>>> print(open('model30.txt').read())   # compact mmCIF, N, CA and C atoms
# COMPACT_ATOMS: atom_id res chain seq x y z
N MET W 1 14.58 9.59 -10.09
CA MET W 1 13.70 9.22 -11.19
C MET W 1 13.10 10.47 -11.84
N ILE W 2 12.59 11.36 -11.00
CA ILE W 2 11.97 12.59 -11.52
C ILE W 2 13.04 13.48 -12.16
N LEU W 3 14.23 13.49 -11.57
CA LEU W 3 15.31 14.28 -12.13
C LEU W 3 15.68 13.80 -13.54
N HIS W 4 15.68 12.48 -13.73
CA HIS W 4 15.99 11.93 -15.05
C HIS W 4 14.93 12.33 -16.08
N ILE W 5 13.68 12.33 -15.68
CA ILE W 5 12.60 12.72 -16.59
C ILE W 5 12.72 14.19 -16.94
N VAL W 6 13.01 15.02 -15.95
CA VAL W 6 13.18 16.45 -16.19
C VAL W 6 14.37 16.69 -17.12
N MET W 7 15.46 15.95 -16.91
CA MET W 7 16.63 16.10 -17.78
C MET W 7 16.32 15.64 -19.20
N LEU W 8 15.55 14.57 -19.34
CA LEU W 8 15.18 14.09 -20.67
C LEU W 8 14.32 15.10 -21.40
N VAL W 9 13.31 15.63 -20.71
CA VAL W 9 12.43 16.63 -21.33
C VAL W 9 13.23 17.90 -21.65
N GLY W 10 14.10 18.31 -20.74
CA GLY W 10 14.93 19.48 -20.99
C GLY W 10 15.84 19.29 -22.18
N GLY W 11 16.42 18.09 -22.31
CA GLY W 11 17.28 17.79 -23.45
C GLY W 11 16.52 17.82 -24.75
N LEU W 12 15.31 17.27 -24.74
CA LEU W 12 14.48 17.29 -25.95
C LEU W 12 14.12 18.72 -26.36
N VAL W 13 13.80 19.54 -25.38
CA VAL W 13 13.47 20.94 -25.67
C VAL W 13 14.69 21.66 -26.25
N LEU W 14 15.87 21.42 -25.67
CA LEU W 14 17.08 22.06 -26.18
C LEU W 14 17.41 21.58 -27.59
N ILE W 15 17.18 20.29 -27.88
CA ILE W 15 17.41 19.79 -29.24
C ILE W 15 16.48 20.48 -30.22
N LEU W 16 15.21 20.61 -29.85
CA LEU W 16 14.25 21.27 -30.74
C LEU W 16 14.61 22.73 -30.97
N LEU W 17 14.99 23.43 -29.91
CA LEU W 17 15.37 24.84 -30.06
C LEU W 17 16.63 24.98 -30.91
N GLY W 18 17.61 24.11 -30.68
CA GLY W 18 18.84 24.16 -31.46
C GLY W 18 18.60 23.85 -32.93
N ALA W 19 17.76 22.85 -33.20
CA ALA W 19 17.45 22.51 -34.59
C ALA W 19 16.72 23.65 -35.28
N ASN W 20 15.80 24.29 -34.56
CA ASN W 20 15.06 25.42 -35.12
C ASN W 20 16.01 26.58 -35.43
N PHE W 21 16.92 26.87 -34.51
CA PHE W 21 17.90 27.93 -34.72
C PHE W 21 18.80 27.62 -35.90
N LEU W 22 19.25 26.37 -35.99
CA LEU W 22 20.13 25.95 -37.09
C LEU W 22 19.43 26.09 -38.44
N THR W 23 18.21 25.62 -38.55
CA THR W 23 17.51 25.67 -39.83
C THR W 23 17.14 27.09 -40.22
N ASP W 24 16.70 27.89 -39.28
CA ASP W 24 16.37 29.29 -39.60
C ASP W 24 17.60 30.06 -40.06
N GLY W 25 18.70 29.89 -39.36
CA GLY W 25 19.92 30.60 -39.73
C GLY W 25 20.47 30.15 -41.07
N ALA W 26 20.46 28.84 -41.29
CA ALA W 26 20.99 28.32 -42.56
C ALA W 26 20.13 28.76 -43.74
N SER W 27 18.81 28.74 -43.58
CA SER W 27 17.96 29.14 -44.69
C SER W 27 18.08 30.63 -44.99
N SER W 28 18.25 31.46 -43.98
CA SER W 28 18.39 32.90 -44.23
C SER W 28 19.71 33.21 -44.94
N VAL W 29 20.77 32.51 -44.57
CA VAL W 29 22.05 32.71 -45.24
C VAL W 29 21.96 32.27 -46.70
N ALA W 30 21.35 31.10 -46.93
CA ALA W 30 21.23 30.57 -48.29
C ALA W 30 20.36 31.48 -49.16
N LYS W 31 19.30 32.04 -48.60
CA LYS W 31 18.44 32.95 -49.37
C LYS W 31 19.21 34.20 -49.77
N ARG W 32 20.07 34.70 -48.87
CA ARG W 32 20.87 35.87 -49.20
C ARG W 32 21.86 35.58 -50.32
N TRP W 33 22.30 34.33 -50.43
CA TRP W 33 23.23 33.94 -51.48
C TRP W 33 22.53 33.54 -52.76
N GLY W 34 21.20 33.55 -52.77
CA GLY W 34 20.45 33.26 -53.98
C GLY W 34 20.25 31.78 -54.28
N VAL W 35 20.33 30.94 -53.27
CA VAL W 35 20.13 29.51 -53.46
C VAL W 35 18.63 29.23 -53.55
N SER W 36 18.24 28.30 -54.43
CA SER W 36 16.81 28.00 -54.61
C SER W 36 16.23 27.36 -53.33
N GLU W 37 14.93 27.54 -53.16
CA GLU W 37 14.29 27.04 -51.95
C GLU W 37 14.28 25.52 -51.87
N LEU W 38 14.23 24.83 -53.01
CA LEU W 38 14.28 23.38 -53.02
C LEU W 38 15.62 22.88 -52.49
N VAL W 39 16.70 23.47 -52.96
CA VAL W 39 18.03 23.07 -52.49
C VAL W 39 18.19 23.40 -51.01
N ILE W 40 17.67 24.53 -50.59
CA ILE W 40 17.73 24.91 -49.18
C ILE W 40 17.01 23.87 -48.33
N GLY W 41 15.80 23.51 -48.75
CA GLY W 41 15.02 22.55 -47.98
C GLY W 41 15.68 21.19 -47.89
N LEU W 42 16.19 20.70 -49.01
CA LEU W 42 16.83 19.39 -49.00
C LEU W 42 18.11 19.39 -48.16
N THR W 43 18.87 20.47 -48.25
CA THR W 43 20.11 20.55 -47.47
C THR W 43 19.83 20.66 -45.99
N ILE W 44 18.84 21.45 -45.63
CA ILE W 44 18.50 21.60 -44.22
C ILE W 44 17.99 20.29 -43.64
N VAL W 45 17.20 19.57 -44.39
CA VAL W 45 16.74 18.27 -43.91
C VAL W 45 17.93 17.33 -43.71
N ALA W 46 18.86 17.34 -44.65
CA ALA W 46 20.03 16.47 -44.53
C ALA W 46 20.86 16.83 -43.30
N PHE W 47 21.13 18.11 -43.11
CA PHE W 47 21.90 18.51 -41.93
C PHE W 47 21.11 18.31 -40.65
N GLY W 48 19.83 18.60 -40.69
CA GLY W 48 19.00 18.46 -39.50
C GLY W 48 18.92 17.04 -38.99
N THR W 49 18.89 16.09 -39.91
CA THR W 49 18.83 14.69 -39.47
C THR W 49 20.19 14.17 -39.04
N SER W 50 21.27 14.79 -39.48
CA SER W 50 22.61 14.32 -39.14
C SER W 50 23.22 15.05 -37.94
N ALA W 51 22.73 16.22 -37.61
CA ALA W 51 23.33 17.01 -36.53
C ALA W 51 23.31 16.31 -35.17
N PRO W 52 22.21 15.68 -34.75
CA PRO W 52 22.25 14.99 -33.45
C PRO W 52 23.28 13.86 -33.41
N GLU W 53 23.38 13.09 -34.49
CA GLU W 53 24.37 12.02 -34.53
C GLU W 53 25.79 12.58 -34.47
N LEU W 54 26.01 13.69 -35.17
CA LEU W 54 27.33 14.32 -35.14
C LEU W 54 27.67 14.78 -33.72
N ALA W 55 26.73 15.41 -33.05
CA ALA W 55 26.98 15.90 -31.69
C ALA W 55 27.31 14.75 -30.74
N ILE W 56 26.53 13.68 -30.79
CA ILE W 56 26.77 12.54 -29.91
C ILE W 56 28.11 11.89 -30.24
N SER W 57 28.42 11.74 -31.52
CA SER W 57 29.68 11.10 -31.90
C SER W 57 30.89 11.92 -31.46
N VAL W 58 30.81 13.23 -31.63
CA VAL W 58 31.93 14.09 -31.22
C VAL W 58 32.09 14.06 -29.70
N LEU W 59 30.99 14.20 -28.97
CA LEU W 59 31.08 14.19 -27.51
C LEU W 59 31.57 12.85 -26.98
N SER W 60 31.08 11.76 -27.54
CA SER W 60 31.52 10.45 -27.05
C SER W 60 32.99 10.20 -27.40
N SER W 61 33.44 10.67 -28.55
CA SER W 61 34.85 10.51 -28.92
C SER W 61 35.75 11.32 -27.99
N LEU W 62 35.32 12.54 -27.67
CA LEU W 62 36.11 13.38 -26.77
C LEU W 62 36.20 12.78 -25.37
N GLN W 63 35.18 12.03 -24.98
CA GLN W 63 35.18 11.39 -23.66
C GLN W 63 35.82 10.02 -23.68
N GLY W 64 36.34 9.59 -24.83
CA GLY W 64 37.01 8.31 -24.92
C GLY W 64 36.10 7.12 -25.13
N ASN W 65 34.87 7.36 -25.58
CA ASN W 65 33.91 6.30 -25.83
C ASN W 65 33.70 6.13 -27.34
N ALA W 66 34.73 5.64 -28.00
CA ALA W 66 34.65 5.48 -29.45
C ALA W 66 33.58 4.46 -29.83
N GLU W 67 33.33 3.48 -28.96
CA GLU W 67 32.30 2.48 -29.25
C GLU W 67 30.92 3.12 -29.40
N LEU W 68 30.64 4.11 -28.57
CA LEU W 68 29.36 4.80 -28.65
C LEU W 68 29.25 5.57 -29.95
N ALA W 69 30.33 6.19 -30.38
CA ALA W 69 30.32 6.94 -31.64
C ALA W 69 30.05 6.00 -32.81
N VAL W 70 30.73 4.86 -32.84
CA VAL W 70 30.53 3.90 -33.93
C VAL W 70 29.12 3.32 -33.88
N GLY W 71 28.66 2.96 -32.71
CA GLY W 71 27.30 2.42 -32.57
C GLY W 71 26.25 3.43 -32.98
N ASN W 72 26.48 4.68 -32.68
CA ASN W 72 25.55 5.74 -33.06
C ASN W 72 25.46 5.85 -34.58
N VAL W 73 26.58 5.82 -35.26
CA VAL W 73 26.60 5.93 -36.71
C VAL W 73 25.92 4.72 -37.35
N VAL W 74 26.30 3.52 -36.89
CA VAL W 74 25.74 2.29 -37.47
C VAL W 74 24.24 2.22 -37.21
N GLY W 75 23.82 2.48 -35.99
CA GLY W 75 22.39 2.43 -35.66
C GLY W 75 21.57 3.45 -36.41
N SER W 76 22.11 4.64 -36.56
CA SER W 76 21.42 5.70 -37.30
C SER W 76 21.24 5.32 -38.76
N ASN W 77 22.29 4.78 -39.36
CA ASN W 77 22.20 4.39 -40.76
C ASN W 77 21.23 3.23 -40.97
N ILE W 78 21.25 2.26 -40.08
CA ILE W 78 20.30 1.14 -40.19
C ILE W 78 18.87 1.66 -40.08
N PHE W 79 18.62 2.52 -39.10
CA PHE W 79 17.28 3.07 -38.93
C PHE W 79 16.84 3.87 -40.15
N ASN W 80 17.73 4.74 -40.65
CA ASN W 80 17.37 5.57 -41.81
C ASN W 80 17.06 4.72 -43.03
N ILE W 81 17.86 3.69 -43.29
CA ILE W 81 17.62 2.82 -44.43
C ILE W 81 16.29 2.11 -44.30
N LEU W 82 16.02 1.56 -43.11
CA LEU W 82 14.77 0.83 -42.92
C LEU W 82 13.55 1.74 -43.00
N VAL W 83 13.66 2.96 -42.50
CA VAL W 83 12.53 3.89 -42.59
C VAL W 83 12.28 4.28 -44.04
N ILE W 84 13.33 4.55 -44.79
CA ILE W 84 13.16 4.92 -46.20
C ILE W 84 12.54 3.77 -46.98
N VAL W 85 13.03 2.56 -46.78
CA VAL W 85 12.46 1.40 -47.48
C VAL W 85 11.01 1.18 -47.04
N GLY W 86 10.73 1.32 -45.76
CA GLY W 86 9.37 1.13 -45.27
C GLY W 86 8.39 2.14 -45.81
N VAL W 87 8.76 3.40 -45.80
CA VAL W 87 7.87 4.44 -46.33
C VAL W 87 7.70 4.28 -47.84
N SER W 88 8.79 3.92 -48.51
CA SER W 88 8.69 3.68 -49.95
C SER W 88 7.74 2.54 -50.25
N ALA W 89 7.80 1.48 -49.44
CA ALA W 89 6.91 0.33 -49.64
C ALA W 89 5.46 0.69 -49.36
N LEU W 90 5.24 1.63 -48.44
CA LEU W 90 3.86 2.08 -48.18
C LEU W 90 3.31 2.87 -49.35
N VAL W 91 4.14 3.68 -49.98
CA VAL W 91 3.70 4.51 -51.10
C VAL W 91 3.58 3.69 -52.37
N PHE W 92 4.58 2.87 -52.63
CA PHE W 92 4.62 2.06 -53.85
C PHE W 92 5.17 0.68 -53.50
N PRO W 93 4.35 -0.37 -53.63
CA PRO W 93 4.82 -1.71 -53.23
C PRO W 93 6.12 -2.10 -53.96
N LEU W 94 7.05 -2.61 -53.20
CA LEU W 94 8.35 -3.00 -53.75
C LEU W 94 8.34 -4.49 -54.08
N LYS W 95 8.79 -4.83 -55.27
CA LYS W 95 8.88 -6.23 -55.68
C LYS W 95 10.29 -6.73 -55.40
N VAL W 96 10.37 -7.84 -54.69
CA VAL W 96 11.66 -8.43 -54.35
C VAL W 96 11.81 -9.73 -55.10
N GLY W 97 12.84 -9.83 -55.92
CA GLY W 97 13.09 -11.04 -56.70
C GLY W 97 13.77 -12.11 -55.88
N ARG W 98 13.80 -13.31 -56.44
CA ARG W 98 14.42 -14.44 -55.74
C ARG W 98 15.91 -14.21 -55.50
N GLY W 99 16.56 -13.52 -56.42
CA GLY W 99 17.99 -13.26 -56.27
C GLY W 99 18.31 -12.43 -55.05
N ILE W 100 17.46 -11.50 -54.70
CA ILE W 100 17.67 -10.65 -53.53
C ILE W 100 17.36 -11.41 -52.25
N MET W 101 16.35 -12.28 -52.32
CA MET W 101 15.99 -13.06 -51.13
C MET W 101 17.12 -13.98 -50.79
>>> encode(input="model30.txt", output="structure tokens")
Amino acid sequence: MILHIVMLVGGLVLILLGANFLTDGASSVAKRWGVSELVIGLTIVAFGTSAPELAISVLSSLQGNAELAVGNVVGSNIFNILVIVGVSALVFPLKVGRGIM
């Protein structure tokens, strides 16, 4: 039980360190190429949110668990859509017509 908790915390720390390394490296390369900071920020956010799903999908596919890769993609997309709609509704109430219901 304790080993699982240590592995979970260790995995989370490694994900954070890897994400930090990825974003710092990508932004420094983009700045050297003269890319605007807005484009850098949006691209890094896009890659940063997709990198964990990509890693899990690739590893699960290599291990022969295609179901896990598909479930990861579907679940991630459902979550992202619902979070975006939810945050949008908090900022600006969304009107839903009868046709959509």
>>> residues_around(input="model30.txt", residues="region 73-90 of chain W", least_positions_apart="4", cutoff="8 Å", atoms="only N, CA and C atoms", output="list in words")
Glu53, Leu54, Ser57, Glu67, Leu68, Ala69, Leu94 and Lys95 of chain W
>>> residues_around(input="model30.txt", residues="region 18-27 of chain W", least_positions_apart="2", cutoff="12 Å", atoms="only C-alpha atoms", output="PyMOL selection string")
chain W and resi 11-16+29-52+55
>>> atom_distance(input="model30.txt", atom1="atom C of Val9 (chain W)", atom2="atom C of Ser28 (chain W)")
28.6 Å
>>> atom_distance(input="model30.txt", atom1="atom C of Val6 (chain W)", atom2="atom N of Ser61 (chain W)")
23.0 Å
>>> select_by_dssp(input="model30.txt", residues="chain W", states="alpha helix (DSSP H)", output="PyMOL selection string")
chain W and resi 2-32+37-62+66-91
>>> atom_distance(input="model30.txt", atom1="CA of His4 (chain W)", atom2="CA of Ser60 (chain W)")
19.7 Å
>>> decode(input="model30.txt", residues="region 13-72 of chain W", atoms="C-alpha atoms", output="mmCIF file, in the first residue's frame")
data_model
loop_
_atom_site.group_PDB
_atom_site.id
_atom_site.type_symbol
_atom_site.label_atom_id
_atom_site.label_comp_id
_atom_site.auth_asym_id
_atom_site.auth_seq_id
_atom_site.Cartn_x
_atom_site.Cartn_y
_atom_site.Cartn_z
ATOM 1 C CA VAL W 13 6.675 14.549 -9.527
ATOM 2 C CA LEU W 14 8.219 13.113 -12.700
ATOM 3 C CA ILE W 15 5.249 14.327 -14.777
ATOM 4 C CA LEU W 16 5.622 17.824 -13.346
ATOM 5 C CA LEU W 17 9.371 17.888 -13.962
ATOM 6 C CA GLY W 18 8.945 16.555 -17.503
ATOM 7 C CA ALA W 19 6.220 19.079 -18.312
ATOM 8 C CA ASN W 20 8.364 21.906 -16.946
ATOM 9 C CA PHE W 21 11.354 20.758 -19.010
ATOM 10 C CA LEU W 22 9.196 20.432 -22.133
ATOM 11 C CA THR W 23 7.643 23.885 -21.816
ATOM 12 C CA ASP W 24 10.901 25.651 -20.967
ATOM 13 C CA GLY W 25 12.733 24.039 -23.871
ATOM 14 C CA ALA W 26 9.954 24.649 -26.365
ATOM 15 C CA SER W 27 9.541 28.294 -25.404
ATOM 16 C CA SER W 28 13.280 28.994 -25.634
ATOM 17 C CA VAL W 29 13.474 27.433 -29.100
ATOM 18 C CA ALA W 30 10.412 29.388 -30.278
ATOM 19 C CA LYS W 31 11.824 32.666 -28.922
ATOM 20 C CA ARG W 32 15.051 32.074 -30.840
ATOM 21 C CA TRP W 33 12.988 31.616 -34.011
ATOM 22 C CA GLY W 34 11.114 34.861 -33.391
ATOM 23 C CA VAL W 35 7.685 33.396 -32.639
ATOM 24 C CA SER W 36 5.330 35.713 -30.710
ATOM 25 C CA GLU W 37 4.766 35.005 -27.028
ATOM 26 C CA LEU W 38 1.010 34.527 -27.519
ATOM 27 C CA VAL W 39 1.557 31.765 -30.075
ATOM 28 C CA ILE W 40 4.209 30.201 -27.845
ATOM 29 C CA GLY W 41 1.862 30.182 -24.873
ATOM 30 C CA LEU W 42 -1.080 28.724 -26.766
ATOM 31 C CA THR W 43 1.048 26.040 -28.397
ATOM 32 C CA ILE W 44 2.714 25.038 -25.153
ATOM 33 C CA VAL W 45 -0.647 24.745 -23.429
ATOM 34 C CA ALA W 46 -1.918 22.577 -26.282
ATOM 35 C CA PHE W 47 1.100 20.281 -26.191
ATOM 36 C CA GLY W 48 1.250 20.273 -22.403
ATOM 37 C CA THR W 49 -2.307 19.064 -22.071
ATOM 38 C CA SER W 50 -1.873 16.403 -24.773
ATOM 39 C CA ALA W 51 1.551 15.021 -23.812
ATOM 40 C CA PRO W 52 0.370 12.766 -20.939
ATOM 41 C CA GLU W 53 -2.352 11.242 -23.116
ATOM 42 C CA LEU W 54 0.155 10.674 -25.902
ATOM 43 C CA ALA W 55 2.599 8.953 -23.542
ATOM 44 C CA ILE W 56 -0.068 6.654 -22.086
ATOM 45 C CA SER W 57 -1.483 5.825 -25.524
ATOM 46 C CA VAL W 58 1.937 4.999 -26.984
ATOM 47 C CA LEU W 59 2.973 2.884 -23.993
ATOM 48 C CA SER W 60 -0.320 1.004 -23.860
ATOM 49 C CA SER W 61 -0.217 0.344 -27.616
ATOM 50 C CA LEU W 62 3.342 -0.977 -27.384
ATOM 51 C CA GLN W 63 2.228 -3.325 -24.599
ATOM 52 C CA GLY W 64 -0.706 -4.590 -26.658
ATOM 53 C CA ASN W 65 -3.428 -2.740 -24.734
ATOM 54 C CA ALA W 66 -5.127 -0.880 -27.548
ATOM 55 C CA GLU W 67 -8.312 -0.623 -25.456
ATOM 56 C CA LEU W 68 -6.484 1.519 -22.912
ATOM 57 C CA ALA W 69 -5.192 3.825 -25.648
ATOM 58 C CA VAL W 70 -8.680 4.296 -27.106
ATOM 59 C CA GLY W 71 -10.244 4.766 -23.669
ATOM 60 C CA ASN W 72 -7.595 7.322 -22.791
#
